[in-house]
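Notes to accompany the following structure.
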Amino acid sequence: MTTEQQIRDLIERWAAAVHVGDMSTVLADHAPDIVMFDVPPPQQGVRGLNAYRESWPEFFEWQASGALFEIESLDITAGTEVAFAFALLRCGTPEHFERNPEERLRLTIGLRKVDGRWTITHEHHSFADETTSQEISAAEGRAVHEDWFDRTAARDLAGLIEHIAPDIVSYEQDSCSTPASTT
């Protein structure tokens, strides 16, 4: 079996277990230090297997009322020791899908190989933010980029960092072998 198929089976097994409320299978392939960012609070995420376990009972109750939780699409990128997957899921009640037929839960999963088996170390669940229209959101995004370009051209460092979170982590490759001249 290929690495991709092993991971696909693991994720599909997990999603089927979520759908039926099978806690032991939901937890089975998760690392003790799992980090999950979920749709409901807490904002800082759920950290550790015990907290992850405690996040599910209320969802299982809702799920038992007839809601769907099924993978619609799943893409996997895998190396020998780490892997990344993203999926779209139908997550909602039949009534919800009558009102919002296109809405999908977005799922991102990070995995690593531990003692020869794939283990989920990170999950992120989200729905698209629909508080503003796509046109307004796109215009706001373009405005930030245009401001960034203008500030870059003006060499305005203070202005450049205006839209950057204070805790950003950034990785850059230095393509210059010698420092650029500032004169």
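In the structure tokens, each chain is lettered A, B, ... as it comes, each chain's residues begin at 1, and ligands are numbered from 1 in order of appearance.
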
Next on the checklist: as an MDAnalysis selection string, please: the residues near Phe127 of chain A (cut-off 9 Å, only C-alpha atoms, same-chain neighbours under 4 positions excluded).
Outcome noted: chainID A and resid 39 103:106

Next on the checklist: For segment 113-116 of chain A, find every residue with an atom within 8 Å (counting only C-alpha atoms), except residues of its own chain fewer than 5 positions away, and show them as a PyMOL selection string.
Outcome noted: chain A and resi 80-82

Take the selection from the previous step and output its residues with N, CA and C atoms, as a PDB file, in the first residue's frame.
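Okay, out.pdb is ready:
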ATOM      1  N   THR A  80       8.508  11.017   3.443  1.00  0.00           N
ATOM      2  CA  THR A  80       8.761   9.765   4.156  1.00  0.00           C
ATOM      3  C   THR A  80       8.445   9.860   5.646  1.00  0.00           C
ATOM      4  N   GLU A  81       8.517  11.074   6.208  1.00  0.00           N
ATOM      5  CA  GLU A  81       8.307  11.240   7.658  1.00  0.00           C
ATOM      6  C   GLU A  81       7.193  12.214   8.016  1.00  0.00           C
ATOM      7  N   VAL A  82       6.828  13.116   7.111  1.00  0.00           N
ATOM      8  CA  VAL A  82       5.750  14.069   7.374  1.00  0.00           C
ATOM      9  C   VAL A  82       4.818  14.133   6.172  1.00  0.00           C
TER      10      VAL A  82
END

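Of the residues listed (A:Pro57, A:Arg47, A:Thr93, A:Ile120), A:Ile120 shows the shortest atom-to-atom separation from Leu27 of chain A; distances use only C-alpha atoms.
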
Checklist entry - Running DSSP on the backbone, which parts of chain A land in alpha helix (DSSP H), as a ChimeraX atom specification? => result /A:3-20,23-27,49-54,57-64,94-99,134-153,157-160

Checklist entry - What lies within 12 Å of segment 4-12 of chain A using only C-alpha atoms, ignoring chain neighbours under 5 positions off, as an MDAnalysis selection string? => result chainID A and resid 17:19 25:30 69:87 89 107:113 116:120 123

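The space between atom CA of His124 of chain A and atom CA of Glu61 of chain A spans 20.7 Å.
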
Item to check | All strand (DSSP E or B) positions in segment 30-81 of chain A, as a VMD selection string | outcome: chain A and resid 30 to 37 46 to 47 68 to 78

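A straight line drawn from atom CA of Tyr52 of chain A to atom CA of His122 of chain A is 10.7 Å long.
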
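Here atom CA of Arg90 of chain A is placed at a distance of 9.3 Å from atom CA of Ala67 of chain A.
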